[in-house]
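Raw contents of upload-v6.txt, compact mmCIF, C-alpha atoms:
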```
# COMPACT_ATOMS: atom_id res chain seq x y z
CA MET A 1 -36.07 100.34 -94.83
CA THR A 2 -39.52 101.39 -95.88
CA PRO A 3 -42.59 99.70 -94.36
CA GLU A 4 -43.07 97.76 -97.61
CA GLN A 5 -39.47 96.55 -97.53
CA LEU A 6 -39.85 95.45 -93.90
CA ILE A 7 -42.89 93.36 -94.81
CA LYS A 8 -40.96 91.77 -97.68
CA LYS A 9 -38.05 91.05 -95.34
CA GLU A 10 -40.36 89.41 -92.78
CA ILE A 11 -41.94 87.21 -95.45
CA LEU A 12 -38.48 86.14 -96.64
CA LEU A 13 -37.49 85.33 -93.05
CA ILE A 14 -40.60 83.17 -92.62
CA ALA A 15 -39.79 81.36 -95.88
CA SER A 16 -36.23 80.85 -94.67
CA LYS A 17 -37.42 79.28 -91.39
CA GLU A 18 -39.62 76.92 -93.40
CA GLY A 19 -36.69 75.95 -95.63
CA LEU A 20 -38.08 77.51 -98.80
CA TRP A 21 -35.46 80.20 -99.15
CA ASP A 22 -32.76 77.61 -99.85
CA THR A 23 -33.75 77.82 -103.51
CA PHE A 24 -32.24 81.29 -103.84
CA SER A 25 -28.72 81.86 -105.06
CA ASP A 26 -27.79 83.98 -102.03
CA GLY A 27 -29.24 81.46 -99.58
CA PRO A 28 -30.71 82.10 -96.15
CA GLU A 29 -27.35 83.20 -94.72
CA CYS A 30 -27.55 86.34 -96.91
CA GLU A 31 -28.13 89.52 -94.93
CA ILE A 32 -31.33 91.27 -95.97
CA THR A 33 -30.82 95.02 -96.32
CA ASP A 34 -32.72 97.94 -97.80
CA LYS A 35 -30.39 97.66 -100.82
CA ASN A 36 -31.13 94.01 -101.66
CA VAL A 37 -34.56 93.21 -100.20
CA ASP A 38 -36.49 94.15 -103.36
CA THR A 39 -34.20 92.03 -105.55
CA LEU A 40 -34.37 89.05 -103.18
CA TYR A 41 -38.14 89.36 -102.99
CA GLY A 42 -38.34 89.61 -106.77
CA ASP A 43 -36.51 86.27 -106.95
CA PHE A 44 -39.16 84.93 -104.57
CA GLU A 45 -41.99 86.03 -106.93
CA GLY A 46 -44.28 83.17 -107.77
CA LEU A 47 -43.62 81.46 -104.45
CA SER A 48 -44.68 84.42 -102.33
CA GLU A 49 -48.46 84.46 -102.94
CA ASP A 50 -49.34 82.03 -100.13
CA TYR A 51 -47.03 83.81 -97.72
CA GLU A 52 -48.43 87.22 -98.69
CA GLU A 53 -52.01 86.02 -98.30
CA GLU A 54 -51.30 84.66 -94.84
CA TYR A 55 -49.31 87.73 -93.82
CA ARG A 56 -51.73 90.40 -95.09
CA GLY A 57 -54.32 89.58 -92.41
CA GLY A 58 -51.95 91.07 -89.82
CA ASP A 59 -51.71 90.09 -86.18
CA TYR A 60 -53.74 92.88 -84.60
CA ASN A 61 -56.69 95.03 -85.56
CA THR A 62 -55.64 98.64 -84.85
CA ASP A 63 -59.11 100.26 -84.99
CA LEU A 64 -57.51 103.12 -86.94
CA GLN A 65 -59.34 104.78 -89.84
CA ARG A 66 -57.99 105.00 -93.37
CA ASP A 67 -57.11 108.55 -94.47
CA ASP A 68 -57.55 108.24 -98.24
CA PRO A 69 -60.40 107.17 -100.53
CA VAL A 70 -61.38 103.51 -100.35
CA PHE A 71 -62.90 100.87 -102.57
CA SER A 72 -66.64 100.88 -101.98
CA TYR A 73 -67.04 97.24 -102.97
CA PHE A 74 -64.65 95.79 -100.37
CA GLU A 75 -64.75 95.83 -96.61
CA GLN A 76 -61.59 96.90 -94.86
CA LYS A 77 -59.85 97.10 -91.54
CA GLU A 78 -56.50 98.49 -90.51
CA VAL A 79 -54.19 95.80 -89.17
CA ALA A 80 -50.66 95.71 -87.78
CA ARG A 81 -47.78 93.42 -87.09
CA LYS A 82 -44.65 93.76 -84.99
CA MET A 83 -41.54 93.31 -87.11
CA SER A 84 -38.53 91.30 -85.98
CA ASP A 85 -36.60 94.54 -85.36
CA GLY A 86 -39.27 95.71 -82.88
CA ARG A 87 -40.96 98.28 -85.12
CA TRP A 88 -44.67 98.14 -85.88
CA VAL A 89 -46.05 98.30 -89.42
CA GLY A 90 -49.71 98.73 -90.35
CA TRP A 91 -51.72 98.40 -93.56
CA THR A 92 -55.23 98.01 -94.86
CA TYR A 93 -56.65 94.50 -94.97
CA TRP A 94 -59.23 94.30 -97.78
CA TYR A 95 -61.85 91.54 -97.64
CA GLY A 96 -65.37 90.63 -98.74
CA GLY A 97 -66.85 91.95 -101.95
CA GLY A 98 -68.98 89.00 -102.96
CA ASN A 99 -68.51 85.90 -105.09
CA HIS A 100 -66.63 87.48 -107.98
CA ALA A 101 -64.43 89.86 -106.01
CA TYR A 102 -60.75 89.28 -105.35
CA PRO A 103 -59.67 91.50 -102.43
CA GLU A 104 -56.39 89.59 -102.15
CA GLU A 105 -55.37 91.15 -105.48
CA VAL A 106 -55.57 94.71 -104.14
CA GLU A 107 -52.11 96.22 -103.63
CA TRP A 108 -51.49 96.58 -99.91
CA MET A 109 -47.76 96.41 -99.19
CA GLU A 110 -46.91 99.63 -101.00
CA TYR A 111 -49.37 101.53 -98.79
CA ALA A 112 -48.03 100.16 -95.51
CA TYR A 113 -47.01 102.64 -92.83
CA PHE A 114 -45.08 102.75 -89.59
CA LEU A 115 -47.02 102.78 -86.34
CA GLU A 116 -46.31 103.75 -82.80
CA CYS A 117 -47.65 101.20 -80.36
CA THR A 118 -47.96 101.51 -76.62
CA GLU A 119 -48.51 98.22 -74.86
CA ARG A 120 -49.86 97.95 -71.33
CA GLU A 121 -51.10 95.08 -69.22
CA VAL A 122 -54.62 95.41 -67.91
CA LEU A 123 -55.88 93.30 -65.02
CA THR A 124 -59.50 92.26 -65.42
CA THR A 125 -61.89 90.29 -63.27
CA ILE A 126 -64.33 87.98 -65.01
CA ARG A 127 -67.25 86.61 -63.04
CA ASP A 128 -69.29 83.60 -64.12
CA PHE A 129 -72.50 83.09 -62.20
CA LYS A 130 -74.56 79.92 -61.91
CA LYS A 131 -77.92 79.64 -60.20
CA ILE A 132 -77.99 77.33 -57.16
CA PRO A 133 -80.94 74.94 -57.22
CA ALA A 134 -83.34 75.33 -54.26
```

Take the structure I supplied and represent it as structure tokens, if you would.
Amino acid sequence: MTPEQLIKKEILLIASKEGLWDTFSDGPECEITDKNVDTLYGDFEGLSEDYEEEYRGGDYNTDLQRDDPVFSYFEQKEVARKMSDGRWVGWTYWYGGGNHAYPEEVEWMEYAYFLECTEREVLTTIRDFKKIPA
């Protein structure tokens, strides 16, 4: 599967858990593959906007920089999410732009990419000080 197809699959899985995917002819018991994910997602068109909007914010800010030209009238950050199969996918989250801008309408799924992620636990000590009255 491509990164875009993985995102579509994840959105369909979320819809299935919330009971929305029951409206499809194949039903939630249908296996989602690289061969059928685009068709299944196409059937979901019209219902997917809220899911896409919620999903496009990602789970983590990657602090990566975008390689290609960008829209000068939107702010952006690179975000990522861990897919249910364990792979990481990243994309550009567009936001801002003022009162008459619609960053949610910018195509983002088709420009998604695979990421390598190394996770490590870091132990930190936080100290809170309070002055003792004399």

Query raised in the report: When distances are computed from only C-alpha atoms, which of A:Cys30, A:Leu115, A:Val79, A:Leu47 shows the smallest separation from A:Pro3?
Result: A:Leu115

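Using only C-alpha atoms, the nearest neighbour of A:Met1 within the list A:Arg56, A:Lys35, A:Arg66, A:Arg81 is A:Lys35.
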
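Between A:Glu10 and the candidates A:Thr92, A:Ser48, A:Thr118, A:Ser84, the tightest atom-to-atom separation, counting only C-alpha atoms, involves A:Ser84.
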
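If you count only C-alpha atoms and ignore residues fewer than 4 places along the chain from A:Arg87, what sits within 9 Å of it is A:Arg81, A:Lys82, A:Met83, A:Phe114, A:Leu115, A:Glu116, A:Cys117.
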
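Considering the residues A:Tyr41, A:Tyr55, A:Phe129, A:Tyr113 and counting only C-alpha atoms, A:Val89 has its shortest atom-to-atom contact with A:Tyr113.
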
Report task. Please provide the set of residues having any atom within 6 Å of stretch 101-110 of chain A, restricted to only C-alpha atoms, with same-chain residues fewer than 6 positions apart removed, written as number ranges by chain. Result -> A: 4, 94-95

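Nearest-residue note for A:Glu53: choosing from A:Leu13, A:Tyr73, A:Asp38, A:Tyr93, the minimum distance belongs to A:Tyr93, counting all atoms listed in the file.
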
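Going from atom CA of A:Leu6 to atom CA of A:Asp59 covers 15.1 Å.
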
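Going from atom CA of A:Asn99 over to atom CA of A:Glu75, you cover 13.6 Å.
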
Query - For atom CA of A:Gln5 and atom CA of A:Thr39, the interatomic separation in Å (one decimal) - result: 10.6 Å

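Minimum atom-to-atom distances from A:Ser16, A:Asn61, A:Thr2, A:Thr124 to A:Leu40 were compared using only C-alpha atoms, and the lowest value belongs to A:Ser16.
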